[in-house]
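Peer 1: Below you'll find the structure I mean.
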Amino acid sequence: QLASGALKPGQLIPSERQLTTEFSVSIGTLRKAIDELVENRILIRQQGKGTYVASHDRERLLFYFFHIVPQQGSKSYPLVEFVFFHKSTADAEAAARLNIAIGTPTLHIRNKLSLLGAVVLVDDLTLDQARFPGLNAAQFKERPNTIYNLYQEVFGVTVVRTEERLRAEAASVEHAKLLKLKAGMPVLTIRRTAYDMRDEPVELRVSTVNTAAHEYFAELL
């Protein structure tokens, strides 16, 4: 029900009695399943109210998916600025990471992100057009919440986990200009693949980070 979108973000899930009857399972089995979904932050328990479908918002993005912080300072929400929205086709890397064929129609979206007034990273997103039918530049730019919230609310695609690979690279001319660096200067490149509730890849995001005054921070629980 979660994967199909039958249960919507922010919706109260049915009672335990209703679910055990519907799926013909014991109460113990059901509670174990719900506990696992809560642990993975797909469901959220609210004391005295019930269990709800988690909704992507700014707080969720900041604490679970955004990992760049000042070398001296704490985590804060970045200012996200739109750069471009292009239709493209999947190259070998995008095809492999999104599990699609080379040449599949894709969307290439670029944002620049600032912390305390300084542009610190550039995000390049690649999406399979078939997973996000009708998504256009205006809709993306005017989203009222986070990018993952847009995926969830409009397209029924809920990101539940990501995989990231980090390496040092030389800044390209395009990225160096946005980051106010000289081309060829060292930058941190983060390649993130985002997965939905069916554990299918839905987004490739390549973040190019100026680490002169910032660093990658992840808290492992």
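Ordering of the structure tokens sets the chain letters (A, B, ...); residue numbers start at 1 within each chain; ligands are numbered from 1 in the order shown.
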Please, which residues in range 118-217 of chain A fall within 9 Å of range 36-52 of chain A when counting only C-alpha atoms, and what is the closest atom pair and distance in Å to one decimal for each, ordered by chain then residue number, as JSON lines?
Peer 2:
{"residue": "A:Thr158", "atom": "CA", "partner": "A:Ile42", "partner_atom": "CA", "distance": 8.8}
{"residue": "A:Val160", "atom": "CA", "partner": "A:Ile42", "partner_atom": "CA", "distance": 6.7}
{"residue": "A:Arg161", "atom": "CA", "partner": "A:Asn40", "partner_atom": "CA", "distance": 8.5}
{"residue": "A:Met197", "atom": "CA", "partner": "A:Ile42", "partner_atom": "CA", "distance": 8.5}
Peer 1: Restricting the output to C-alpha atoms, write the selected residues as a PDB file, in the first residue's frame.
Peer 2:
ATOM      1  CA  THR A 158       9.092   8.220  -2.022  1.00  0.00           C
ATOM      2  CA  VAL A 160      13.610   5.961   1.499  1.00  0.00           C
ATOM      3  CA  ARG A 161      17.355   5.466   1.225  1.00  0.00           C
ATOM      4  CA  MET A 197      10.094   1.883  -1.442  1.00  0.00           C
TER       5      MET A 197
END
Peer 1: Can you check which residues of range 33-220 of chain A DSSP gives as alpha helix (DSSP H) on the backbone and send them as a count of residues only?
Peer 2: 42
Peer 1: What's around Leu113 in chain A at 10 Å? Count only C-alpha atoms, leave out sequence neighbours fewer than 4 positions away in its own chain, and write the answer as a count of residues only.
Peer 2: 17
Peer 1: For Pro144 in chain A, please output as a tab-separated table (two decimals) with N, CA, C and O atoms, in the first residue's frame all residues within 12 Å (counting only C-alpha atoms; exclusion window: fewer than 5 positions along the same chain).
Peer 2:
chain	number	residue	atom	x	y	z
A	56	HIS	N	8.25	13.81	3.30
A	56	HIS	CA	9.51	14.53	3.16
A	56	HIS	C	9.29	16.02	3.41
A	56	HIS	O	8.36	16.62	2.88
A	57	ASP	N	10.15	16.61	4.23
A	57	ASP	CA	10.08	18.04	4.49
A	57	ASP	C	11.49	18.56	4.71
A	57	ASP	O	12.48	17.82	4.59
A	58	ARG	N	11.62	19.84	5.04
A	58	ARG	CA	12.93	20.46	5.20
A	58	ARG	C	13.74	19.79	6.31
A	58	ARG	O	14.93	19.56	6.16
A	138	ALA	N	9.11	24.87	-14.74
A	138	ALA	CA	8.30	25.74	-13.89
A	138	ALA	C	7.82	24.98	-12.65
A	138	ALA	O	7.87	25.51	-11.53
A	139	GLN	N	7.39	23.76	-12.84
A	139	GLN	CA	6.91	22.95	-11.72
A	139	GLN	C	8.05	22.69	-10.72
A	139	GLN	O	7.85	22.74	-9.51
A	149	ASN	N	10.13	15.97	-1.56
A	149	ASN	CA	8.71	16.16	-1.30
A	149	ASN	C	7.94	16.26	-2.61
A	149	ASN	O	6.84	15.71	-2.74
A	150	LEU	N	8.51	16.95	-3.60
A	150	LEU	CA	7.88	17.03	-4.93
A	150	LEU	C	7.73	15.65	-5.54
A	150	LEU	O	6.66	15.30	-6.05
A	151	TYR	N	8.78	14.85	-5.48
A	151	TYR	CA	8.69	13.48	-6.00
A	151	TYR	C	7.55	12.72	-5.32
A	151	TYR	O	6.79	12.00	-5.97
A	153	GLU	N	4.85	13.88	-3.37
A	153	GLU	CA	3.49	14.42	-3.41
A	153	GLU	C	2.89	14.39	-4.81
A	153	GLU	O	1.69	14.15	-4.97
A	154	VAL	N	3.71	14.65	-5.83
A	154	VAL	CA	3.17	14.79	-7.19
A	154	VAL	C	3.29	13.50	-7.99
A	154	VAL	O	2.39	13.17	-8.77
Peer 1: Which is closer to Gln129 in chain A than all the others in A:Asn145, A:Leu98, A:Asn210, A:Glu163, using only C-alpha atoms?
Peer 2: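 So, comparing all the options, the nearest one is A:Leu98.
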Peer 1: Mind the document's chain letters and residue numbers, and return as number ranges by chain the residues of range 21-152 of chain A that DSSP labels strand (DSSP E).
Peer 2: A: 43-46, 50-53, 68-70, 79-89, 105-115, 118-128
Peer 1: Using only C-alpha atoms, can you tell me which of A:Phe140, A:Phe217, A:Phe65, A:Phe132 comes closest to Thr193 in chain A?
Peer 2: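 Counting only C-alpha atoms, the residue closest to Thr193 in chain A is A:Phe65.
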Peer 1: For Glu164 in chain A, find every residue with an atom within 8 Å (counting only C-alpha atoms), except residues of its own chain fewer than 2 positions away, and show them as a list in words.
Peer 2: Thr162, Leu166, Ile190, Arg191, Arg192 and Thr193 of chain A
Peer 1: Write out the residues from the selection above, keeping all heavy atoms, as a compact mmCIF listing (two decimals), in the first residue's frame.
Peer 2:
# COMPACT_ATOMS: atom_id res chain seq x y z
N THR A 162 19.47 6.21 0.38
CA THR A 162 20.42 6.64 -0.65
C THR A 162 21.74 5.90 -0.47
O THR A 162 22.07 5.43 0.62
CB THR A 162 20.68 8.16 -0.59
OG1 THR A 162 21.23 8.49 0.69
CG2 THR A 162 19.40 8.95 -0.83
N LEU A 166 32.09 8.94 -2.72
CA LEU A 166 32.80 10.21 -2.68
C LEU A 166 34.19 10.05 -3.28
O LEU A 166 34.85 9.01 -3.07
CB LEU A 166 32.97 10.69 -1.23
CG LEU A 166 31.73 11.23 -0.50
CD1 LEU A 166 30.71 10.15 -0.23
CD2 LEU A 166 32.16 11.87 0.81
N ILE A 190 30.34 13.99 -4.88
CA ILE A 190 29.50 12.99 -4.22
C ILE A 190 28.49 12.48 -5.23
O ILE A 190 27.70 13.25 -5.77
CB ILE A 190 28.75 13.59 -3.02
CG1 ILE A 190 29.73 14.26 -2.06
CG2 ILE A 190 27.93 12.52 -2.31
CD1 ILE A 190 29.04 15.14 -1.02
N ARG A 191 28.54 11.19 -5.51
CA ARG A 191 27.57 10.57 -6.41
C ARG A 191 26.55 9.81 -5.56
O ARG A 191 26.89 8.82 -4.92
CB ARG A 191 28.27 9.65 -7.40
CG ARG A 191 28.99 10.41 -8.50
CD ARG A 191 29.86 9.51 -9.37
NE ARG A 191 30.26 10.21 -10.57
CZ ARG A 191 31.25 11.10 -10.63
NH1 ARG A 191 31.94 11.38 -9.53
NH2 ARG A 191 31.55 11.71 -11.77
N ARG A 192 25.32 10.30 -5.57
CA ARG A 192 24.26 9.72 -4.75
C ARG A 192 23.19 9.10 -5.64
O ARG A 192 22.67 9.75 -6.55
CB ARG A 192 23.61 10.77 -3.87
CG ARG A 192 22.39 10.24 -3.10
CD ARG A 192 21.48 11.35 -2.62
NE ARG A 192 22.10 12.16 -1.59
CZ ARG A 192 21.53 13.25 -1.09
NH1 ARG A 192 20.35 13.66 -1.52
NH2 ARG A 192 22.14 13.95 -0.15
N THR A 193 22.86 7.86 -5.35
CA THR A 193 21.72 7.21 -5.99
C THR A 193 20.62 7.07 -4.95
O THR A 193 20.86 6.55 -3.86
CB THR A 193 22.09 5.82 -6.55
OG1 THR A 193 23.23 5.94 -7.40
CG2 THR A 193 20.93 5.24 -7.36
Peer 1: Skipping near chain neighbours, those fewer than 5 positions away, what residues fall within 8 Å of Val173 in chain A using only C-alpha atoms, listed as a CSV table (one decimal) with N, CA, C and O atoms, in the first residue's frame?
Peer 2:
chain,number,residue,atom,x,y,z
A,182,LYS,N,39.0,28.5,-9.5
A,182,LYS,CA,39.7,28.3,-10.7
A,182,LYS,C,39.4,26.9,-11.3
A,182,LYS,O,39.4,26.0,-10.5
A,183,ALA,N,39.2,26.8,-12.6
A,183,ALA,CA,39.0,25.5,-13.2
A,183,ALA,C,40.2,24.6,-12.9
A,183,ALA,O,41.4,25.1,-12.9
A,184,GLY,N,40.0,23.4,-12.5
A,184,GLY,CA,41.0,22.4,-12.2
A,184,GLY,C,41.3,22.4,-10.7
A,184,GLY,O,42.1,21.5,-10.3
Peer 1: Measuring atom to atom with only C-alpha atoms, identify which of A:Thr126, A:Gln11, A:Tyr216, A:Lys180 is nearest to Ala95 in chain A.
Peer 2: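 So, comparing all the options, the nearest one is A:Thr126.
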Peer 1: Which is closest to Ile102 in chain A among A:Ala194, A:Asp128, A:Leu115, A:Phe84, if we use only C-alpha atoms?
Peer 2: A:Asp128
Peer 1: With distances taken over only C-alpha atoms, which residue among A:Ala3, A:Ala90, A:Thr189, A:Asp196 lies nearest Glu169 in chain A?
Peer 2: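 Under the stated criterion, the closest residue is A:Thr189.
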Peer 1: At what distance in Å, to one decimal, does CA of Lys87 in chain A lie from CA of Val202 in chain A?
Peer 2: 16.2 Å
Peer 1: Pick out the closest residue to Tyr195 in chain A from this set: A:Asn111, A:Thr208, A:Asn99, A:Ser76. Count only C-alpha atoms.
Peer 2: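 Using only C-alpha atoms, the shortest distance to Tyr195 in chain A belongs to A:Asn99.
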Peer 1: Provide the CA of Val159 in chain A to CA of Ile109 in chain A distance in Å, to one decimal place.
Peer 2: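 Rounded to one decimal, the two atoms are 17.5 Å apart.
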